[in-house]
Amino acid sequence: MKSVYGKLIGGFLITIIFSFFVAGYISLRNNYEQVENRSREELIAANTFLMELMNNSGNINGLEEVIFSYVNSTDLTVSIYRNDFYRVYGDISIAPSKNTLHAMYNNRNTILEINSDIQSFGDLYTIHGSQYYILTQKDISYEKNAFTNSAILIFGSVFLSGSVVFLAIADVIVKPITKLTNATKELSKGNYGVRVNYAGDDEISRLNQGFNQMAQQLAKQEETRQKFISDISHEFQTPLTAIQGFANILKEEDLPEQQREKYADIILFHSKRLSTLSKSMLQLTLLENEDVRLEITNYSISNQLARVISTHENQALLKDIEINFIRPKKEILIDGDEHRLEQVWMNVISNAIKYTENGGLITIRVKKYAKEVEVRVEDTGSGMSKEVVSHIFERFYREDKSRSIEGNGLGLSIVKTIIDLHRGKIDVISQVDVGSTFIIRIPVERSLNLKDRLRSKQEGKK
Ligand code: ADP
C-alpha cells in the first residue's frame with residue numbers, strides 16, 4: 001500500500017465495502033420487516049378463512065380436498081387439532097407434533113411467532129360447539145434469501161465493473177505522478193534539461209508546470225554558477241601568470257637594478273589586484289548571503305557624499321577632472337546602512353573618474369522627494385551602448401574597451417546588491433562618447449525594527 005496506486009485501490013475497496021455493508025444492512029432490515037408483516041397478515045387471514053370454512057361446512061372430513069388445494073396454492077402449512085383429531089396439511093417437517101398441539105390446545109395458547117424463518121399463528125376456535133386449535137405456518141426463509149441473493153449479485157457486479165472502471169481512472173491519475181517522480185529523480189541526478197508535459201489546468205498540470213519552472217530556474221543557476229567559476233579562474237589566472245613570469249625573471253642574478261625594481265613593482269601591482277579581487281568576491285558573497293543584516297541608522301547623506309567626493313579629489317585632479325557637487329541648502333537625512341552606502345558612492349564616483357577622459361566634468365546631485373532620496377552621478381566620459389548597460393550589473397562584466405583600465409567587473413554588482421538590500425533602485429542613462437548618468441533612489445524611511453531604532457537613538461545621544 002506504499003504507492004499512490006495501492007492507496008487509491010485500497011480507498012476504493014474500503015469505500016465500496018463499507019457503503020454496501022451500510023446500504024445492504026438498511027435495505028435487508030427493511031425487506032425482512034416487509035416480508036414478516038405481509039406473512040403475519042396472510043397467516044391471520046388464513047386462520048379466519050379456515051375457521052369460517054369449517055363453520056360453514058357440516059363435516060370437517062369433507063373439507064380435506066379444499067384445505068389441501070388451499071395449502072398448495074398458498075405455500076402454507078395448516079395443523080388442526082381437537083382432542084383425538086389431528087391433521088397436518090402442507091409441509092409436515094415444520095408442523096408441531098401431536099403432543100405439542102395437544103399442550104397448546106389444553107393451555108388455550110394463542111401464539112403469534114413472526115421473528116423466525118418459520119412464522120406461526122395459532123388460536124382456539126369454537127366450531128359447531130367443539131373447540132378446535134388451528135395453527136397456520138409459513139416458511140419465509142426463501143423470500144428472505146431471494147433478497148439476500150440479489151443483494152450479493154448486485155454487490156458482485158458493482159464491485160467487478162467498478163473495479164475495471166476504477167483501475168482505468170487510477171491509471172489516468174497515477175501515470176502523470178509516476179512521470180513526475182521519474183523526472184524529479186533525473187533532476188536530482190543533475191539532468192537540468194528534464195521537462196514534463198502538461199496540458200489543462202488541473203492540480204497535476206499545475207504541479208508539472210511548477211516542476212518545469214523549477215528545472216528551468218535550476219538550469220539557469222547552474223549556468224550562472226559555471227560561468228562564475230570560469231570567470232573567477234580567468235580573473236585569477238591573468239595576474240598569477242604575470243607574477244610567475246616576472247618572479248622567474250627576477251631570479252636572474254645579472255639583472256640591472258632599475259629593471260629589478262620595475263619587475264618587482266609589476267609583481268606588487270598584480271598581487272594588489274589579486275587582493276582587491278578576493279576582497280570584492282568575499283564582500284559580494286557576504287552580501288548575497290540570505291541572512292545578511294543591514295546596520296540601519298539615520299544619518300546625513302549630504303555629509304556622506306561630500307566626504308566621499310573629497311577622498312576622490314586627488315584621483316580627479318590627476319586627470320584634470322572637475323567634480324561639481326550640487327549640495328542642497330538643507331541637510332538630507334536617510335535611514336540606511338552608512339558603511340555599505342559609502343561603498344556605493346565610492347564605486348560609482350570612482351567609475352565616473354575612471355571612465356572619463358582628462359579634462360572632463362562630473363556632476364553630483366542629491367535631492368529629497370516625499371518618499372525617497374535621489375542621488376545622480378553624471379559624467380562626460382566614454383559612455384555605454386544600450387547593450388553594454390544591460391550587462392554592467394553582472395558579476396565580472398567589463399566592456400572590452402574598459403579592459404585597459406584597472407578594475408575587476410565586480411564593483412557595480414556590489415552596488416546593485418546593496419541598493420536592492422535597501423529596497424532602492426538604480427537606473428543608468430548613457431550615450432557612447434557623450435557620458436553616463438547613474439541615478440540611485442533610496443526610500444527615505446525604512447521600517448526599522450525596535451533593536452535598530454534603539455541603537456540609532458543611543459548612537460545619536462553619544
Ligand atoms: P570595473 O571594475 O570594471 O569598473 P564595474 O562593475 O564597476 O567594474 O563596472 C562594470 C563595467 O561597466 C565597466 O567595466 C565599464 O565597462 C562600465 N562602466 C561602469 N561605470 C561606467 C561609467 N561611468 N562610464 C562608462 N562605463 C562605465
# chains A, B, ... in the order shown; residues from 1 in each chain; ligands from 1
$ select_by_dssp --residues "range 22-81 of chain A" --states "helix (DSSP H, G or I)" --output "compact mmCIF listing (two decimals) with N, CA and C atoms, in the first residue's frame"
# COMPACT_ATOMS: atom_id res chain seq x y z
N VAL A 22 -23.40 -0.86 4.79
CA VAL A 22 -24.42 0.02 5.38
C VAL A 22 -25.71 -0.07 4.58
N ALA A 23 -25.60 0.09 3.22
CA ALA A 23 -26.80 0.08 2.38
C ALA A 23 -27.48 -1.28 2.47
N GLY A 24 -26.68 -2.37 2.43
CA GLY A 24 -27.20 -3.73 2.49
C GLY A 24 -27.94 -3.97 3.80
N TYR A 25 -27.34 -3.52 4.90
CA TYR A 25 -27.94 -3.74 6.22
C TYR A 25 -29.30 -3.05 6.29
N ILE A 26 -29.33 -1.77 5.84
CA ILE A 26 -30.57 -0.99 5.93
C ILE A 26 -31.66 -1.61 5.05
N SER A 27 -31.31 -1.94 3.78
CA SER A 27 -32.36 -2.46 2.89
C SER A 27 -32.77 -3.88 3.28
N LEU A 28 -31.81 -4.67 3.83
CA LEU A 28 -32.15 -6.03 4.27
C LEU A 28 -33.15 -5.99 5.41
N ARG A 29 -32.88 -5.09 6.36
CA ARG A 29 -33.75 -4.95 7.52
C ARG A 29 -35.15 -4.52 7.07
N ASN A 30 -35.18 -3.58 6.14
CA ASN A 30 -36.44 -3.06 5.64
C ASN A 30 -37.22 -4.17 4.91
N ASN A 31 -36.48 -4.94 4.09
CA ASN A 31 -37.13 -6.01 3.33
C ASN A 31 -37.68 -7.08 4.28
N TYR A 32 -36.90 -7.49 5.30
CA TYR A 32 -37.33 -8.51 6.25
C TYR A 32 -38.62 -8.05 6.94
N GLU A 33 -38.64 -6.78 7.32
CA GLU A 33 -39.82 -6.26 8.02
C GLU A 33 -41.04 -6.37 7.12
N GLN A 34 -40.85 -6.01 5.84
CA GLN A 34 -41.99 -6.06 4.90
C GLN A 34 -42.47 -7.50 4.72
N VAL A 35 -41.50 -8.44 4.56
CA VAL A 35 -41.85 -9.85 4.35
C VAL A 35 -42.60 -10.37 5.58
N GLU A 36 -42.07 -10.03 6.77
CA GLU A 36 -42.69 -10.52 8.01
C GLU A 36 -44.09 -9.94 8.20
N ASN A 37 -44.26 -8.65 7.91
CA ASN A 37 -45.59 -8.02 8.06
C ASN A 37 -46.60 -8.66 7.13
N ARG A 38 -46.12 -8.87 5.87
CA ARG A 38 -47.03 -9.46 4.88
C ARG A 38 -47.46 -10.85 5.32
N SER A 39 -46.48 -11.65 5.79
CA SER A 39 -46.82 -13.04 6.12
C SER A 39 -47.68 -13.08 7.40
N ARG A 40 -47.48 -12.13 8.31
CA ARG A 40 -48.33 -12.11 9.51
C ARG A 40 -49.80 -11.90 9.10
N GLU A 41 -50.02 -10.93 8.20
CA GLU A 41 -51.39 -10.65 7.73
C GLU A 41 -51.97 -11.88 7.03
N GLU A 42 -51.08 -12.56 6.25
CA GLU A 42 -51.52 -13.74 5.50
C GLU A 42 -51.95 -14.86 6.45
N LEU A 43 -51.15 -15.04 7.54
CA LEU A 43 -51.44 -16.12 8.49
C LEU A 43 -52.77 -15.87 9.22
N ILE A 44 -52.98 -14.62 9.66
CA ILE A 44 -54.22 -14.28 10.39
C ILE A 44 -55.42 -14.48 9.46
N ALA A 45 -55.24 -14.01 8.17
CA ALA A 45 -56.35 -14.16 7.20
C ALA A 45 -56.63 -15.63 6.93
N ALA A 46 -55.56 -16.45 6.87
CA ALA A 46 -55.73 -17.89 6.59
C ALA A 46 -56.51 -18.56 7.73
N ASN A 47 -56.18 -18.22 8.98
CA ASN A 47 -56.87 -18.81 10.13
C ASN A 47 -58.36 -18.46 10.11
N THR A 48 -58.63 -17.19 9.81
CA THR A 48 -60.03 -16.73 9.76
C THR A 48 -60.77 -17.47 8.65
N PHE A 49 -60.08 -17.61 7.50
CA PHE A 49 -60.70 -18.29 6.35
C PHE A 49 -61.02 -19.75 6.71
N LEU A 50 -60.06 -20.43 7.34
CA LEU A 50 -60.26 -21.85 7.68
C LEU A 50 -61.39 -22.01 8.72
N MET A 51 -61.37 -21.07 9.70
CA MET A 51 -62.39 -21.14 10.74
C MET A 51 -63.78 -20.96 10.11
N GLU A 52 -63.92 -19.99 9.20
CA GLU A 52 -65.22 -19.74 8.56
C GLU A 52 -65.61 -20.91 7.66
N LEU A 53 -64.59 -21.48 6.97
CA LEU A 53 -64.85 -22.64 6.09
C LEU A 53 -65.40 -23.80 6.90
N MET A 54 -64.78 -24.07 8.06
CA MET A 54 -65.22 -25.19 8.91
C MET A 54 -66.59 -24.89 9.51
N ASN A 55 -66.82 -23.66 9.84
CA ASN A 55 -68.10 -23.25 10.42
C ASN A 55 -69.22 -23.44 9.42
N ASN A 56 -68.92 -23.14 8.17
CA ASN A 56 -69.96 -23.19 7.13
C ASN A 56 -70.21 -24.61 6.64
N ILE A 60 -66.09 -31.81 8.85
CA ILE A 60 -64.71 -31.36 8.59
C ILE A 60 -63.97 -32.30 7.65
N ASN A 61 -64.33 -33.61 7.72
CA ASN A 61 -63.64 -34.57 6.84
C ASN A 61 -63.91 -34.29 5.36
N GLY A 62 -65.07 -33.73 5.12
CA GLY A 62 -65.42 -33.42 3.73
C GLY A 62 -64.65 -32.22 3.19
N LEU A 63 -63.93 -31.55 4.08
CA LEU A 63 -63.20 -30.33 3.65
C LEU A 63 -61.77 -30.61 3.23
N GLU A 64 -61.30 -31.87 3.43
CA GLU A 64 -59.89 -32.23 3.20
C GLU A 64 -59.37 -31.69 1.87
N GLU A 65 -60.15 -31.98 0.82
CA GLU A 65 -59.71 -31.61 -0.54
C GLU A 65 -59.50 -30.11 -0.67
N VAL A 66 -60.50 -29.36 -0.10
CA VAL A 66 -60.46 -27.88 -0.23
C VAL A 66 -59.22 -27.34 0.50
N ILE A 67 -59.03 -27.91 1.73
CA ILE A 67 -57.89 -27.39 2.52
C ILE A 67 -56.57 -27.71 1.82
N PHE A 68 -56.48 -28.93 1.27
CA PHE A 68 -55.23 -29.31 0.57
C PHE A 68 -54.92 -28.37 -0.58
N SER A 69 -55.97 -28.11 -1.39
CA SER A 69 -55.70 -27.23 -2.55
C SER A 69 -55.41 -25.80 -2.10
N TYR A 70 -56.04 -25.39 -0.98
CA TYR A 70 -55.76 -24.03 -0.46
C TYR A 70 -54.30 -23.93 0.01
N VAL A 71 -53.86 -24.98 0.73
CA VAL A 71 -52.49 -25.02 1.27
C VAL A 71 -51.47 -25.04 0.13
N ASN A 72 -51.78 -25.85 -0.91
CA ASN A 72 -50.85 -25.93 -2.05
C ASN A 72 -50.70 -24.59 -2.76
N SER A 73 -51.84 -23.90 -2.90
CA SER A 73 -51.77 -22.64 -3.66
C SER A 73 -51.15 -21.51 -2.82
N THR A 74 -51.10 -21.66 -1.51
CA THR A 74 -50.60 -20.54 -0.69
C THR A 74 -49.25 -20.82 -0.06
$ residues_near_ligand --ligand "ligand 1" --cutoff "9 Å" --atoms "only C-alpha atoms and all ligand atoms" --output "PDB file with C-alpha atoms, in the first residue's frame"
ATOM      1  CA  ASN A 347      32.275  52.699  -6.579  1.00  0.00           C
ATOM      2  CA  VAL A 348      30.021  54.915  -8.698  1.00  0.00           C
ATOM      3  CA  ILE A 349      32.180  58.069  -8.291  1.00  0.00           C
ATOM      4  CA  SER A 350      35.467  56.233  -8.885  1.00  0.00           C
ATOM      5  CA  ASN A 351      33.921  54.652 -12.046  1.00  0.00           C
ATOM      6  CA  ALA A 352      32.886  58.129 -13.242  1.00  0.00           C
ATOM      7  CA  ILE A 353      36.518  59.294 -12.814  1.00  0.00           C
ATOM      8  CA  LYS A 354      37.959  56.078 -14.339  1.00  0.00           C
ATOM      9  CA  TYR A 355      35.798  56.173 -17.465  1.00  0.00           C
ATOM     10  CA  THR A 356      36.049  59.957 -18.097  1.00  0.00           C
ATOM     11  CA  VAL A 377      26.239  60.957 -10.665  1.00  0.00           C
ATOM     12  CA  GLU A 378      26.669  62.362 -14.161  1.00  0.00           C
ATOM     13  CA  ASP A 379      29.913  62.239 -16.151  1.00  0.00           C
ATOM     14  CA  THR A 380      31.114  63.393 -19.548  1.00  0.00           C
ATOM     15  CA  GLY A 381      33.022  60.142 -20.063  1.00  0.00           C
ATOM     16  CA  SER A 382      33.166  57.366 -22.655  1.00  0.00           C
ATOM     17  CA  GLY A 383      29.500  56.396 -22.211  1.00  0.00           C
ATOM     18  CA  MET A 384      27.990  52.995 -22.980  1.00  0.00           C
ATOM     19  CA  VAL A 388      26.605  47.290 -22.512  1.00  0.00           C
ATOM     20  CA  VAL A 389      24.272  48.960 -19.972  1.00  0.00           C
ATOM     21  CA  HIS A 391      25.186  43.807 -18.651  1.00  0.00           C
ATOM     22  CA  ILE A 392      27.059  46.157 -16.305  1.00  0.00           C
ATOM     23  CA  PHE A 393      25.471  44.769 -13.107  1.00  0.00           C
ATOM     24  CA  GLU A 394      26.531  41.186 -13.934  1.00  0.00           C
ATOM     25  CA  ARG A 395      29.475  39.803 -11.993  1.00  0.00           C
ATOM     26  CA  PHE A 396      32.854  40.176 -13.788  1.00  0.00           C
ATOM     27  CA  TYR A 397      31.290  42.018 -16.739  1.00  0.00           C
ATOM     28  CA  ARG A 398      33.658  44.615 -18.255  1.00  0.00           C
ATOM     29  CA  GLU A 399      33.217  46.312 -21.593  1.00  0.00           C
ATOM     30  CA  ASP A 400      36.102  45.390 -23.925  1.00  0.00           C
ATOM     31  CA  LYS A 401      37.299  48.969 -24.252  1.00  0.00           C
ATOM     32  CA  SER A 402      37.473  49.235 -20.407  1.00  0.00           C
ATOM     33  CA  ARG A 403      39.884  46.307 -20.093  1.00  0.00           C
ATOM     34  CA  ILE A 405      41.614  50.428 -17.244  1.00  0.00           C
ATOM     35  CA  GLU A 406      42.160  48.963 -13.803  1.00  0.00           C
ATOM     36  CA  GLY A 407      39.156  47.042 -12.463  1.00  0.00           C
ATOM     37  CA  ASN A 408      37.598  43.598 -11.978  1.00  0.00           C
ATOM     38  CA  GLY A 409      33.951  43.942 -13.031  1.00  0.00           C
ATOM     39  CA  LEU A 410      32.579  43.362  -9.523  1.00  0.00           C
ATOM     40  CA  GLY A 411      32.067  46.985  -8.400  1.00  0.00           C
ATOM     41  CA  LEU A 412      28.607  47.547  -9.899  1.00  0.00           C
ATOM     42  CA  SER A 413      27.401  44.063  -8.848  1.00  0.00           C
ATOM     43  CA  ILE A 414      28.219  45.073  -5.262  1.00  0.00           C
ATOM     44  CA  VAL A 415      26.475  48.454  -5.786  1.00  0.00           C
ATOM     45  CA  SER A 430      24.203  56.626 -21.117  1.00  0.00           C
ATOM     46  CA  VAL A 432      28.539  56.490 -26.231  1.00  0.00           C
ATOM     47  CA  GLY A 435      28.657  60.373 -20.970  1.00  0.00           C
ATOM     48  CA  SER A 436      26.686  58.416 -18.367  1.00  0.00           C
ATOM     49  CA  THR A 437      24.312  59.258 -15.531  1.00  0.00           C
ATOM     50  CA  PHE A 438      23.816  56.823 -12.664  1.00  0.00           C
TER      51      PHE A 438
END
$ residues_around --residues "Tyr263 in chain A" --least-positions-apart "3" --cutoff "10 Å" --atoms "only C-alpha atoms" --output "JSON, numbers by chain"
{"A": [242, 243, 245, 246, 247, 249, 250, 258, 259, 260, 266, 267, 268, 269]}
$ atom_distance --atom1 "CA of Val4 in chain A" --atom2 "CA of Lys175 in chain A"
10.2 Å
$ residues_around --residues "Tyr142 in chain A" --least-positions-apart "5" --cutoff "10 Å" --atoms "only C-alpha atoms" --output "number ranges by chain"
A: 117, 147-148
$ select_by_dssp --residues "range 90-255 of chain A" --states "strand (DSSP E)" --output "ChimeraX atom specification"
/A:111-113,118-127,130-139
$ closest_atom_pairs --of "range 201-313 of chain A" --to "range 442-445 of chain A" --cutoff "12 Å" --atoms "only C-alpha atoms" --output "tab-separated table"
residue	atom	partner	partner_atom	distance
A:Ile296	CA	A:Glu445	CA	10.2
A:Thr297	CA	A:Glu445	CA	10.2
A:Asn298	CA	A:Glu445	CA	8.7
A:Tyr299	CA	A:Val444	CA	10.7
A:Ser300	CA	A:Val444	CA	11.2
A:Ile301	CA	A:Val444	CA	10.5
$ residues_around --residues "range 208-223 of chain A" --least-positions-apart "2" --cutoff "8 Å" --atoms "only C-alpha atoms" --output "PyMOL selection string"
chain A and resi 180+187+192-198+204-206+225-227
$ closest_residue --among "A:Lys329, A:Lys262, A:Arg82, A:His270" --to "Gln244 in chain A" --atoms "only C-alpha atoms"
A:His270
$ residues_around --residues "Asp91 in chain A" --least-positions-apart "2" --cutoff "9 Å" --atoms "only C-alpha atoms" --output "list in words"
Asp75, Leu76, Thr77, Val78, Val88, Tyr89, Ser93, Ile94 and Ala95 of chain A
$ decode --residues "range 330-345 of chain A" --atoms "N, CA and C atoms" --output "short mmCIF file (atom, residue, chain, number, x, y, z; two decimals), in the first residue's frame"
data_model
loop_
_atom_site.label_atom_id
_atom_site.label_comp_id
_atom_site.auth_asym_id
_atom_site.auth_seq_id
_atom_site.Cartn_x
_atom_site.Cartn_y
_atom_site.Cartn_z
N LYS A 330 19.58 72.50 2.71
CA LYS A 330 19.22 71.80 3.94
C LYS A 330 19.86 70.41 3.96
N GLU A 331 20.25 70.00 5.13
CA GLU A 331 20.85 68.66 5.27
C GLU A 331 19.80 67.59 4.95
N ILE A 332 20.21 66.52 4.24
CA ILE A 332 19.25 65.44 3.93
C ILE A 332 19.60 64.21 4.77
N LEU A 333 18.58 63.75 5.52
CA LEU A 333 18.81 62.57 6.37
C LEU A 333 18.17 61.34 5.72
N ILE A 334 18.76 60.22 6.01
CA ILE A 334 18.25 58.98 5.39
C ILE A 334 18.39 57.83 6.39
N ASP A 335 17.48 56.85 6.30
CA ASP A 335 17.62 55.61 7.09
C ASP A 335 18.36 54.61 6.22
N GLY A 336 19.58 54.26 6.58
CA GLY A 336 20.32 53.33 5.74
C GLY A 336 21.56 52.80 6.44
N ASP A 337 22.22 51.83 5.79
CA ASP A 337 23.45 51.27 6.33
C ASP A 337 24.60 52.19 5.85
N GLU A 338 25.07 53.03 6.73
CA GLU A 338 26.02 54.09 6.36
C GLU A 338 27.28 53.52 5.70
N HIS A 339 27.82 52.47 6.31
CA HIS A 339 29.06 51.89 5.81
C HIS A 339 28.88 51.32 4.40
N ARG A 340 27.76 50.60 4.21
CA ARG A 340 27.55 49.97 2.90
C ARG A 340 27.20 51.00 1.83
N LEU A 341 26.42 52.02 2.19
CA LEU A 341 26.07 53.04 1.18
C LEU A 341 27.32 53.84 0.79
N GLU A 342 28.26 53.99 1.74
CA GLU A 342 29.51 54.69 1.41
C GLU A 342 30.23 53.94 0.28
N GLN A 343 30.20 52.63 0.38
CA GLN A 343 30.80 51.77 -0.65
C GLN A 343 30.15 52.04 -2.02
N VAL A 344 28.80 52.24 -2.03
CA VAL A 344 28.07 52.52 -3.27
C VAL A 344 28.60 53.79 -3.92
N TRP A 345 28.65 54.90 -3.13
CA TRP A 345 29.10 56.19 -3.70
C TRP A 345 30.56 56.09 -4.16
#
